[in-house]
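Dumped work.csv below, it's CSV, C-alpha atoms and all ligand atoms:
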```
chain,number,residue,atom,x,y,z
A,1,MET,CA,10.4,-5.4,-35.6
A,2,ALA,CA,8.6,-2.9,-33.4
A,3,LYS,CA,5.6,-4.3,-31.6
A,4,LYS,CA,2.2,-3.1,-32.6
A,5,ASP,CA,-0.1,-1.3,-30.2
A,6,TYR,CA,-2.2,-3.9,-28.3
A,7,TYR,CA,-5.4,-1.9,-28.6
A,8,GLU,CA,-4.9,-1.7,-32.4
A,9,VAL,CA,-4.2,-5.4,-32.6
A,10,LEU,CA,-7.6,-6.2,-31.0
A,11,GLY,CA,-9.3,-3.3,-32.6
A,12,VAL,CA,-10.5,-1.8,-29.3
A,13,LYS,CA,-10.2,1.6,-27.7
A,14,LYS,CA,-8.2,2.5,-24.6
A,15,GLY,CA,-11.3,3.2,-22.5
A,16,ASP,CA,-13.1,-0.1,-23.5
A,17,SER,CA,-14.2,-2.3,-20.7
A,18,ALA,CA,-12.9,-5.8,-19.8
A,19,ALA,CA,-16.0,-7.3,-21.4
A,20,ASP,CA,-15.4,-5.4,-24.7
A,21,ILE,CA,-11.8,-6.6,-24.8
A,22,LYS,CA,-12.9,-10.2,-24.2
A,23,ARG,CA,-15.4,-10.0,-27.0
A,24,ALA,CA,-12.9,-8.4,-29.3
A,25,TYR,CA,-10.4,-11.1,-28.6
A,26,ARG,CA,-12.9,-13.9,-29.1
A,27,ARG,CA,-13.9,-12.4,-32.5
A,28,SER,CA,-10.2,-12.1,-33.6
A,29,ALA,CA,-9.3,-15.5,-32.3
A,30,ILE,CA,-12.1,-17.1,-34.3
A,31,LYS,CA,-11.2,-15.1,-37.4
A,32,TYR,CA,-7.5,-15.9,-37.4
A,33,HIS,CA,-7.6,-19.4,-36.0
A,34,PRO,CA,-5.3,-21.7,-37.9
A,35,ASP,CA,-8.0,-24.3,-38.2
A,36,LYS,CA,-9.9,-21.8,-40.3
A,37,ASN,CA,-6.9,-20.5,-42.2
A,38,PRO,CA,-4.8,-23.6,-43.0
A,39,ASP,CA,-1.2,-22.8,-44.2
A,40,ASN,CA,-1.7,-19.1,-43.8
A,41,LYS,CA,1.3,-17.8,-41.9
A,42,GLU,CA,-0.1,-14.3,-41.8
A,43,ALA,CA,-3.2,-15.4,-40.1
A,44,GLU,CA,-1.2,-17.5,-37.6
A,45,ASP,CA,1.0,-14.5,-36.7
A,46,LYS,CA,-2.1,-12.4,-36.2
A,47,PHE,CA,-3.7,-15.2,-34.1
A,48,LYS,CA,-0.6,-15.2,-31.8
A,49,ALA,CA,-0.4,-11.4,-31.7
A,50,CYS,CA,-4.0,-11.3,-30.5
A,51,ALA,CA,-3.4,-13.8,-27.8
A,52,GLU,CA,-0.5,-11.7,-26.5
A,53,ALA,CA,-2.5,-8.5,-26.6
A,54,TYR,CA,-5.4,-10.2,-24.8
A,55,GLU,CA,-3.1,-11.5,-22.1
A,56,VAL,CA,-2.0,-8.0,-21.3
A,57,LEU,CA,-5.3,-6.1,-21.8
A,58,SER,CA,-7.3,-8.7,-19.8
A,59,ASP,CA,-5.1,-8.3,-16.7
A,60,SER,CA,-5.8,-5.1,-14.9
A,61,ASP,CA,-2.3,-4.8,-13.5
A,62,LYS,CA,-0.5,-5.5,-16.8
A,63,ARG,CA,-3.0,-3.2,-18.6
A,64,ALA,CA,-2.3,-0.3,-16.3
A,65,ARG,CA,1.5,-0.8,-16.8
A,66,TYR,CA,1.1,-0.9,-20.5
A,67,ASN,CA,-1.2,2.2,-20.5
A,68,GLN,CA,1.4,4.1,-18.5
A,69,PHE,CA,4.7,2.9,-20.0
A,70,GLY,CA,3.9,1.1,-23.3
A,71,HIS,CA,5.7,-2.2,-24.1
A,72,ALA,CA,8.6,-1.2,-22.0
A,73,GLY,CA,6.4,-1.2,-18.9
A,74,LEU,CA,5.8,-5.0,-19.3
A,75,GLN,CA,9.4,-6.1,-19.0
A,76,GLY,CA,9.7,-8.6,-16.3
A,77,SER,CA,5.9,-8.9,-15.8
A,78,GLY,CA,5.8,-12.4,-17.2
A,79,VAL,CA,3.9,-11.9,-20.4
A,80,ARG,CA,4.2,-15.1,-22.4
A,81,ASP,CA,6.1,-15.2,-25.7
A,82,TYR,CA,3.4,-16.4,-28.1
A,83,SER,CA,5.4,-16.1,-31.3
A,84,HIS,CA,7.3,-19.3,-30.4
A,85,MET,CA,4.3,-21.2,-29.1
A,86,ASN,CA,2.3,-23.7,-31.1
A,87,VAL,CA,-1.3,-23.2,-31.6
A,88,GLN,CA,-2.3,-26.1,-29.4
A,89,ASP,CA,-0.6,-24.6,-26.4
A,90,ILE,CA,-2.3,-21.2,-27.0
A,91,GLY,CA,-5.6,-23.0,-27.2
A,92,ASP,CA,-4.8,-24.6,-23.8
A,93,ILE,CA,-4.2,-21.2,-22.2
A,94,PHE,CA,-7.4,-19.7,-23.4
A,95,GLY,CA,-9.4,-22.8,-24.2
A,96,ASP,CA,-11.6,-22.7,-21.1
A,97,MET,CA,-12.8,-19.2,-22.1
A,98,PHE,CA,-14.1,-20.5,-25.3
A,99,GLY,CA,-15.3,-24.0,-24.5
A,100,ASP,CA,-14.3,-26.2,-27.4
A,101,LEU,CA,-14.3,-23.4,-29.8
A,102,PHE,CA,-10.9,-24.5,-31.1
A,103,GLY,CA,-11.9,-28.1,-31.5
A,104,MET,CA,-10.3,-29.3,-28.3
A,105,GLY,CA,-13.5,-30.6,-26.8
A,106,GLY,CA,-13.1,-31.8,-23.2
A,107,ARG,CA,-9.5,-30.7,-22.7
A,108,GLY,CA,-9.2,-28.3,-19.8
A,109,ARG,CA,-12.8,-27.3,-19.8
A,110,ARG,CA,-14.3,-25.8,-16.7
A,111,SER,CA,-17.8,-25.6,-15.4
A,112,SER,CA,-18.5,-22.2,-17.0
A,113,ALA,CA,-17.9,-23.7,-20.5
A,114,ALA,CA,-19.8,-26.8,-19.7
A,115,ARG,CA,-22.8,-24.8,-18.4
A,116,PRO,CA,-22.8,-21.8,-20.7
A,117,ASN,CA,-26.1,-20.5,-19.4
A,118,ALA,CA,-25.1,-20.6,-15.7
A,119,PRO,CA,-25.4,-17.2,-13.9
A,120,ARG,CA,-22.0,-15.5,-13.9
A,121,ARG,CA,-21.0,-12.6,-11.7
A,122,GLY,CA,-20.2,-9.3,-13.6
A,123,TYR,CA,-16.6,-7.9,-13.8
A,124,ASP,CA,-15.2,-5.7,-11.1
A,125,LEU,CA,-14.3,-2.2,-12.0
A,126,GLU,CA,-11.5,0.0,-10.8
A,127,THR,CA,-11.4,3.8,-10.4
A,128,SER,CA,-9.3,6.2,-8.3
A,129,VAL,CA,-10.2,8.8,-5.8
A,130,GLU,CA,-7.9,11.7,-4.9
A,131,LEU,CA,-7.6,12.8,-1.3
A,132,THR,CA,-5.9,15.5,0.6
A,133,LEU,CA,-4.1,14.9,3.9
A,134,ASP,CA,-7.1,16.7,5.5
A,135,ASP,CA,-9.4,14.1,4.0
A,136,VAL,CA,-7.2,11.4,5.5
A,137,ALA,CA,-7.2,13.0,8.9
A,138,GLY,CA,-11.0,13.3,9.2
A,139,GLY,CA,-12.3,10.6,6.8
A,140,THR,CA,-14.6,11.8,4.1
A,141,GLU,CA,-17.2,11.1,1.6
A,142,LYS,CA,-16.4,11.5,-2.1
A,143,THR,CA,-18.7,11.5,-5.1
A,144,ILE,CA,-17.1,9.4,-7.8
A,145,GLU,CA,-18.1,9.5,-11.5
A,146,PHE,CA,-17.2,6.5,-13.6
A,147,THR,CA,-18.3,4.7,-16.8
A,148,ARG,CA,-19.6,1.2,-16.8
A,149,GLN,CA,-21.5,-1.2,-19.0
A,150,ASP,CA,-25.2,-1.3,-18.2
A,151,ASN,CA,-28.2,-2.9,-19.7
A,152,CYS,CA,-29.4,-1.1,-22.8
A,153,ASP,CA,-32.7,0.8,-21.9
A,154,GLN,CA,-34.0,0.4,-25.5
A,155,CYS,CA,-34.0,-3.4,-25.5
A,156,LYS,CA,-33.9,-4.0,-21.7
A,157,GLY,CA,-30.6,-5.9,-22.3
A,158,SER,CA,-32.0,-8.5,-24.7
A,159,GLY,CA,-30.1,-7.1,-27.7
A,160,CYS,CA,-33.2,-7.5,-29.9
A,161,GLN,CA,-34.8,-4.5,-31.6
A,162,PRO,CA,-38.0,-3.8,-29.6
A,163,GLY,CA,-41.0,-5.7,-31.1
A,164,THR,CA,-38.8,-8.6,-32.2
A,165,THR,CA,-37.8,-11.6,-30.2
A,166,PRO,CA,-34.7,-13.8,-30.3
A,167,ALA,CA,-35.0,-17.0,-32.3
A,168,ASN,CA,-34.0,-20.5,-31.2
A,169,CYS,CA,-30.5,-21.3,-32.5
A,170,PRO,CA,-30.8,-23.5,-35.6
A,171,THR,CA,-27.6,-25.3,-34.8
A,172,CYS,CA,-28.3,-26.5,-31.3
A,173,GLY,CA,-32.1,-26.1,-31.3
A,174,GLY,CA,-31.9,-23.8,-28.2
A,175,SER,CA,-30.0,-26.1,-25.8
A,176,GLY,CA,-26.7,-24.1,-26.2
A,177,GLN,CA,-24.9,-27.4,-26.5
A,178,VAL,CA,-24.1,-29.8,-29.3
A,179,VAL,CA,-23.5,-33.4,-28.6
A,180,GLN,CA,-20.8,-35.3,-30.5
A,181,SER,CA,-20.2,-39.0,-30.4
A,182,GLY,CA,-16.7,-40.4,-30.4
A,183,MET,CA,-15.1,-43.8,-30.7
A,184,GLY,CA,-17.8,-45.3,-32.7
A,185,GLY,CA,-20.5,-44.2,-30.3
A,186,PHE,CA,-18.8,-45.4,-27.2
A,187,PHE,CA,-19.1,-42.0,-25.5
A,188,GLN,CA,-20.8,-38.8,-26.1
A,189,MET,CA,-19.4,-35.4,-25.5
A,190,ALA,CA,-21.4,-32.2,-25.0
A,191,SER,CA,-19.7,-29.0,-26.1
A,192,THR,CA,-20.8,-25.4,-26.4
A,193,CYS,CA,-22.6,-24.5,-29.6
A,194,HIS,CA,-20.5,-22.5,-32.0
A,195,THR,CA,-23.4,-20.6,-33.6
A,196,CYS,CA,-24.9,-19.1,-30.4
A,197,SER,CA,-21.9,-19.4,-28.1
A,198,GLY,CA,-24.0,-21.4,-25.7
A,199,ALA,CA,-26.9,-18.9,-25.4
A,200,GLY,CA,-29.4,-21.1,-27.2
A,201,LYS,CA,-30.8,-18.1,-29.0
A,202,ILE,CA,-29.7,-15.9,-31.9
A,203,ILE,CA,-30.7,-12.3,-32.5
A,204,LYS,CA,-32.2,-11.8,-35.9
A,205,THR,CA,-32.9,-8.0,-35.6
A,206,PRO,CA,-30.3,-6.4,-33.4
A,207,CYS,CA,-31.3,-3.4,-31.3
A,208,LYS,CA,-30.1,-0.2,-33.0
A,209,THR,CA,-29.0,1.5,-29.8
A,210,CYS,CA,-26.6,-1.2,-28.6
A,211,ARG,CA,-26.1,-3.0,-31.9
A,212,GLY,CA,-27.3,-6.2,-30.4
A,213,LYS,CA,-24.9,-6.3,-27.5
A,214,GLY,CA,-27.6,-5.6,-24.9
A,215,ARG,CA,-25.2,-3.4,-23.1
A,216,VAL,CA,-24.2,0.3,-23.5
A,217,SER,CA,-21.6,2.4,-21.7
A,218,LYS,CA,-23.2,4.7,-19.1
A,219,LYS,CA,-21.9,7.3,-16.7
A,220,ARG,CA,-22.7,6.7,-13.1
A,221,MET,CA,-22.1,8.6,-9.8
A,222,VAL,CA,-21.7,6.9,-6.5
A,223,THR,CA,-20.6,8.1,-3.1
A,224,ALA,CA,-17.6,6.5,-1.5
A,225,LYS,CA,-17.2,6.6,2.3
A,226,ILE,CA,-13.4,6.9,2.9
A,227,PRO,CA,-12.3,6.0,6.4
A,228,ALA,CA,-9.9,8.3,8.3
A,229,GLY,CA,-6.3,7.0,8.3
A,230,VAL,CA,-6.4,5.4,4.8
A,231,HIS,CA,-3.1,5.0,2.9
A,232,GLN,CA,-2.0,5.6,-0.6
A,233,GLY,CA,-2.9,2.7,-2.9
A,234,GLN,CA,-5.5,1.2,-0.6
A,235,SER,CA,-8.9,0.7,-2.1
A,236,VAL,CA,-12.4,1.1,-0.9
A,237,ARG,CA,-14.8,-1.5,-2.3
A,238,ILE,CA,-18.3,-0.5,-3.2
A,239,THR,CA,-20.3,-3.7,-3.6
A,240,GLY,CA,-22.5,-4.2,-6.6
A,241,GLU,CA,-21.4,-1.2,-8.6
A,242,GLY,CA,-19.3,-3.1,-11.2
A,243,GLU,CA,-20.6,-4.5,-14.5
A,244,PRO,CA,-23.8,-6.4,-14.7
A,245,GLY,CA,-23.6,-10.2,-14.4
A,246,LEU,CA,-24.5,-12.7,-17.1
A,247,ASN,CA,-27.6,-14.9,-17.1
A,248,GLY,CA,-29.0,-13.2,-13.9
A,249,GLY,CA,-25.7,-13.4,-12.0
A,250,PRO,CA,-24.9,-10.5,-9.6
A,251,ARG,CA,-23.0,-7.4,-10.5
A,252,GLY,CA,-19.3,-7.1,-9.9
A,253,ASP,CA,-17.9,-4.6,-7.4
A,254,LEU,CA,-16.2,-1.2,-7.8
A,255,TYR,CA,-12.8,-0.6,-6.3
A,256,CYS,CA,-11.8,3.0,-5.6
A,257,TYR,CA,-8.0,3.2,-5.3
A,258,VAL,CA,-6.8,6.0,-3.0
A,259,GLN,CA,-4.4,8.6,-4.4
A,260,ILE,CA,-3.1,11.1,-1.8
A,261,LYS,CA,-2.2,14.6,-3.0
A,262,ALA,CA,1.2,15.9,-1.8
A,263,HIS,CA,0.9,18.5,0.9
A,264,PRO,CA,3.2,21.6,0.4
A,265,PHE,CA,4.7,21.4,3.9
A,266,LEU,CA,3.8,18.1,5.5
A,267,GLN,CA,5.0,14.6,4.6
A,268,ARG,CA,3.4,11.5,5.9
A,269,GLN,CA,5.4,8.8,7.8
A,270,GLY,CA,2.9,6.2,8.9
A,271,CYS,CA,0.7,8.0,11.3
A,272,ASP,CA,3.1,10.8,11.9
A,273,LEU,CA,3.5,14.0,9.9
A,274,VAL,CA,6.9,15.5,9.3
A,275,ALA,CA,7.7,19.1,8.6
A,276,THR,CA,11.1,20.8,8.1
A,277,VAL,CA,11.4,24.4,9.2
A,278,PRO,CA,14.3,26.7,8.6
A,279,ILE,CA,15.4,29.0,11.4
A,280,SER,CA,18.3,31.5,11.7
A,281,PHE,CA,21.4,30.6,13.7
A,282,THR,CA,20.7,33.4,16.1
A,283,GLN,CA,17.2,32.0,16.8
A,284,ALA,CA,18.8,28.6,17.4
A,285,ALA,CA,21.4,30.1,19.8
A,286,LEU,CA,19.0,32.4,21.7
A,287,GLY,CA,15.9,30.3,21.6
A,288,SER,CA,12.8,31.5,19.8
A,289,ILE,CA,9.1,31.0,19.1
A,290,VAL,CA,8.7,30.0,15.4
A,291,GLU,CA,5.7,29.5,13.3
A,292,VAL,CA,5.3,25.9,11.9
A,293,PRO,CA,2.8,24.4,9.5
A,294,SER,CA,0.2,21.9,10.8
A,295,LEU,CA,-2.9,20.3,9.3
A,296,LYS,CA,-5.0,22.8,11.2
A,297,GLY,CA,-3.0,25.8,9.9
A,298,PRO,CA,0.2,27.6,11.2
A,299,ARG,CA,0.9,27.1,14.9
A,300,GLU,CA,3.6,28.3,17.3
A,301,LEU,CA,6.5,26.1,18.4
A,302,LYS,CA,8.9,27.0,21.1
A,303,ILE,CA,12.5,26.4,20.2
A,304,PRO,CA,14.9,26.2,23.2
A,305,ALA,CA,18.2,28.1,23.3
A,306,GLY,CA,21.1,26.1,22.0
A,307,CYS,CA,18.9,24.1,19.5
A,308,GLN,CA,21.1,22.2,17.0
A,309,HIS,CA,20.7,21.8,13.2
A,310,GLY,CA,18.5,18.8,12.5
A,311,ASP,CA,16.9,18.7,16.0
A,312,VAL,CA,13.4,17.2,15.9
A,313,PHE,CA,10.5,18.5,18.0
A,314,ARG,CA,7.4,16.4,18.6
A,315,ILE,CA,4.0,17.9,18.8
A,316,LYS,CA,1.8,15.2,20.4
A,317,GLY,CA,-1.4,14.1,18.7
A,318,GLN,CA,-1.1,16.4,15.7
A,319,GLY,CA,-0.5,13.6,13.2
A,320,LEU,CA,-3.0,11.3,11.4
A,321,PRO,CA,-5.3,8.7,12.9
A,322,ASP,CA,-4.4,5.0,12.6
A,323,LEU,CA,-6.8,3.3,10.2
A,324,ARG,CA,-7.8,0.6,12.7
A,325,THR,CA,-7.3,2.0,16.2
A,326,LYS,CA,-8.0,5.6,15.2
A,327,ARG,CA,-5.3,6.7,17.6
A,328,SER,CA,-3.6,9.8,16.4
A,329,GLY,CA,0.1,10.0,15.5
A,330,ASP,CA,2.3,13.1,16.1
A,331,GLU,CA,3.8,15.9,14.1
A,332,LEU,CA,7.5,16.0,13.9
A,333,VAL,CA,9.2,19.3,13.2
A,334,GLN,CA,12.8,19.2,12.1
A,335,VAL,CA,14.7,22.5,12.3
A,336,LEU,CA,17.3,23.4,9.7
A,337,ILE,CA,19.7,26.2,10.7
A,338,GLU,CA,20.3,28.8,8.1
A,339,VAL,CA,23.5,30.8,8.2
A,340,PRO,CA,23.3,34.3,6.6
A,341,LYS,CA,25.0,34.5,3.2
A,342,LYS,CA,25.7,38.2,3.4
A,343,LEU,CA,26.8,40.3,6.4
A,344,THR,CA,27.1,44.1,6.7
A,345,LYS,CA,30.4,45.5,8.0
A,346,LYS,CA,28.8,46.1,11.4
A,347,GLN,CA,27.5,42.5,11.6
A,348,GLN,CA,31.0,41.2,10.8
A,349,GLU,CA,32.5,43.3,13.6
A,350,LEU,CA,29.8,42.0,16.0
A,351,LEU,CA,30.5,38.4,15.1
A,352,LYS,CA,34.2,38.7,15.3
A,353,ASP,CA,33.8,40.1,18.8
A,354,PHE,CA,31.4,37.2,19.5
A,355,GLU,CA,33.9,34.7,18.2
A,356,GLN,CA,36.7,36.0,20.4
A,357,SER,CA,34.5,36.1,23.5
A,358,GLN,CA,33.4,32.5,23.0
A,359,SER,CA,34.8,29.8,25.4
A,360,SER,CA,35.5,26.4,24.0
A,361,SER,CA,33.2,24.7,26.6
A,362,ALA,CA,30.1,26.4,25.0
A,363,MET,CA,30.8,24.3,21.8
A,364,PRO,CA,31.4,20.7,23.2
A,365,LYS,CA,31.2,18.9,19.8
A,366,THR,CA,33.7,21.2,18.2
A,367,LYS,CA,36.1,21.0,21.2
A,368,ASP,CA,35.9,17.2,21.3
A,369,PHE,CA,36.5,16.9,17.5
A,370,PHE,CA,39.7,19.0,17.5
A,371,ASP,CA,41.0,17.4,20.7
A,372,ARG,CA,40.6,13.9,19.2
A,373,LEU,CA,42.1,15.0,15.9
A,374,LYS,CA,45.2,16.4,17.5
A,375,LYS,CA,45.7,13.4,19.7
A,376,TYR,CA,45.3,10.9,16.8
A,377,PHE,CA,47.9,12.6,14.6
A,378,ASN,CA,50.3,13.3,17.5
A,379,ASN,CA,50.4,9.6,18.3
A,380,LYS,CA,51.3,8.6,14.8
B,1,ZN,ZN,-30.3,-2.5,-27.0
B,2,ZN,ZN,-26.8,-22.8,-30.7
```
The structure in this file should be written as structure tokens.
Amino acid sequence: MAKKDYYEVLGVKKGDSAADIKRAYRRSAIKYHPDKNPDNKEAEDKFKACAEAYEVLSDSDKRARYNQFGHAGLQGSGVRDYSHMNVQDIGDIFGDMFGDLFGMGGRGRRSSAARPNAPRRGYDLETSVELTLDDVAGGTEKTIEFTRQDNCDQCKGSGCQPGTTPANCPTCGGSGQVVQSGMGGFFQMASTCHTCSGAGKIIKTPCKTCRGKGRVSKKRMVTAKIPAGVHQGQSVRITGEGEPGLNGGPRGDLYCYVQIKAHPFLQRQGCDLVATVPISFTQAALGSIVEVPSLKGPRELKIPAGCQHGDVFRIKGQGLPDLRTKRSGDELVQVLIEVPKKLTKKQQELLKDFEQSQSSSAMPKTKDFFDRLKKYFNNK
């Protein structure tokens, strides 16, 4: 059976934030949890499918692979097989995210679940910035536009329609926790309140702008300072430009991943730049001054007489700076000798004369090759 689209499974959109996906998963997990749907195979299958979708979409690396290549992109990336897992095990994997939501109080809980109102740092965000080799050579500043979750202006992030206030949660009385006794009262166990998810408050009249979420997607522009010598795939971190924290926690960070555009003539090799330049066989034989590309535009390079196919010439200091030392690499120009594909009658005559006039010592490689060939087969 073909796998369903993970975004469809969770009912989210491709551009939704990590926080949106987490909320969507939480909703679906509650809805389809086998405790709430006893003997309902369909609900159980949905519950498992949601867990798998959440594992992928909550992991930025797996999510990027899935966005680019679909299900095929996740082969070998270690996504768990939920269809063969029992519900208890799935609860163990995600249990700490929900406190004792699944009736597993105490098992594997971490401090965030035990203290639901504790300040929590916001999620980090990722974006990419495209650079040219010129940008890499000199370093640059780039304006980056991205979308992030921000507090709703209408309700100042409270989620309540202006003029209304949140009410104390009727289940927990505002503490965010419910206390259960076990073993005939021998011990007590505090767990996160189901009704308010630990917030202690419930919103009676949700804000119309954000539908009670307290957050809305907003476009934002920031300037990223890109250092000279940066490499493809490296990231520049802009502190405090991620999503807002919870309960007064700090914002996450924004990571700008560097994408370097291909240059039509220059390839990067560490700090060096490599160019290949075709020259004619007469230029190679006679020596010549040829025009070669460089980051600062075309420049002249002197090719000595007798230059060979594949020879590399080094232009000192014309490469890219090292990210740390800022010392500049070189430009390496490799020449490719091109032999004419068409000759006029007159050129053929000239070259035949040239061939006859040529002494074997002028072509040491050819001479050596045929000498060795003759010797080898004569001795056999
Ligand atoms: Zn609002
Ligand atoms: Zn409550």
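For the atom pair formed by CA of Ile21 (chain A) and CA of Ala167 (chain A), the distance is 26.5 Å, given to one decimal.
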Task: Shell of 8 Å around ligand ZN 2 (chain B) (all atoms listed in the file), written as a list in words - done: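 Residues satisfying the distance criterion: Asn168, Cys169, Pro170, Thr171, Cys172, Gly173, Gly174, Ser175, Gly176, Gln177, Val178, Thr192, Cys193, His194, Thr195, Cys196, Ser197, Gly198, Ala199, Gly200, Lys201 and Ile202 of chain A.
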Task: Near-ligand residues for ligand ZN 1 (chain B), threshold 10 Å, all atoms listed in the file, as a ChimeraX atom specification - done: /A:151-162,206-216
Task: CA of Arg314 (chain A) to CA of Pro364 (chain A), distance in Å rounded to a single decimal - done: 24.8 Å
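You can rank A:Gly270, A:Gly233, A:Pro34, A:Gly252 by their closest distance to Ser328 (chain A) using only C-alpha atoms, and at the top of that list sits A:Gly270.
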Task: Straight-line distance linking CA of Lys219 (chain A) with CA of Thr147 (chain A), stated in Å to one decimal - done: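 A separation of 4.4 Å between them.
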Open item on the list: I'd like to know which of A:Ala137, A:Leu266, A:Leu351, A:Ala29 is closest to Ala43 (chain A), using all atoms listed in the file.
Closed with: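 Under the stated criterion, the closest residue is A:Ala29.
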Task: Selection: 7 Å around Val129 (chain A), all atoms listed in the file, excl. self and same-chain fewer than 6 positions, as a list of chain:residue names - done: A:Cys256, A:Tyr257, A:Val258, A:Gln259
- [ ] Scan for residues within 8 Å of the point (-21.7, -4.2, -19.1) in the coordinates of the file, using all atoms listed in the file, and reply as a PyMOL selection string.
- [x] chain A and resi 17+19+122+148-151+215-217+243-245
Open item on the list: So, with only C-alpha atoms as the atoms that count, which of A:Pro298, A:Pro38, A:Gly11, A:Pro119 lies closest to Ala53 (chain A)?
Closed with: A:Gly11
Can you patch up region 145-151 of chain A, filling it in to all heavy atoms, and show the result as a compact mmCIF listing (two decimals), in the coordinates of the input?
```
# COMPACT_ATOMS: atom_id res chain seq x y z
N GLU A 145 -17.45 9.70 -10.19
CA GLU A 145 -18.10 9.50 -11.50
C GLU A 145 -17.29 8.49 -12.27
O GLU A 145 -16.08 8.65 -12.37
CB GLU A 145 -18.29 10.80 -12.21
CG GLU A 145 -19.27 10.67 -13.35
CD GLU A 145 -19.38 11.95 -14.17
OE1 GLU A 145 -19.91 12.94 -13.64
OE2 GLU A 145 -18.93 11.94 -15.32
N PHE A 146 -17.94 7.50 -12.82
CA PHE A 146 -17.20 6.50 -13.60
C PHE A 146 -18.14 5.99 -14.72
O PHE A 146 -19.34 6.23 -14.69
CB PHE A 146 -16.66 5.39 -12.75
CG PHE A 146 -17.72 4.56 -12.09
CD1 PHE A 146 -18.01 3.28 -12.55
CD2 PHE A 146 -18.43 5.04 -11.00
CE1 PHE A 146 -18.99 2.51 -11.94
CE2 PHE A 146 -19.41 4.28 -10.39
CZ PHE A 146 -19.69 3.02 -10.86
N THR A 147 -17.55 5.31 -15.67
CA THR A 147 -18.30 4.70 -16.80
C THR A 147 -18.35 3.24 -16.64
O THR A 147 -17.33 2.62 -16.33
CB THR A 147 -17.65 5.11 -18.12
OG1 THR A 147 -17.49 6.52 -18.14
CG2 THR A 147 -18.50 4.69 -19.29
N ARG A 148 -19.51 2.66 -16.82
CA ARG A 148 -19.60 1.20 -16.80
C ARG A 148 -20.59 0.72 -17.82
O ARG A 148 -21.42 1.48 -18.32
CB ARG A 148 -19.98 0.70 -15.39
CG ARG A 148 -21.40 1.03 -15.03
CD ARG A 148 -21.78 0.45 -13.69
NE ARG A 148 -23.21 0.70 -13.43
CZ ARG A 148 -23.79 0.47 -12.28
NH1 ARG A 148 -23.10 0.01 -11.26
NH2 ARG A 148 -25.08 0.71 -12.12
N GLN A 149 -20.52 -0.57 -18.12
CA GLN A 149 -21.50 -1.20 -19.00
C GLN A 149 -22.77 -1.43 -18.24
O GLN A 149 -22.75 -1.92 -17.11
CB GLN A 149 -20.93 -2.53 -19.50
CG GLN A 149 -19.75 -2.41 -20.43
CD GLN A 149 -20.16 -1.94 -21.81
OE1 GLN A 149 -21.02 -2.53 -22.44
NE2 GLN A 149 -19.55 -0.87 -22.26
N ASP A 150 -23.89 -1.05 -18.83
CA ASP A 150 -25.20 -1.30 -18.20
C ASP A 150 -26.12 -1.85 -19.24
O ASP A 150 -25.88 -1.73 -20.44
CB ASP A 150 -25.73 0.06 -17.71
CG ASP A 150 -25.63 0.15 -16.20
OD1 ASP A 150 -25.86 -0.88 -15.55
OD2 ASP A 150 -25.32 1.24 -15.69
N ASN A 151 -27.21 -2.42 -18.76
CA ASN A 151 -28.20 -2.90 -19.70
C ASN A 151 -28.74 -1.79 -20.57
O ASN A 151 -28.96 -0.69 -20.08
CB ASN A 151 -29.36 -3.59 -18.95
CG ASN A 151 -29.00 -4.98 -18.49
OD1 ASN A 151 -28.03 -5.58 -18.99
ND2 ASN A 151 -29.72 -5.50 -17.53
```
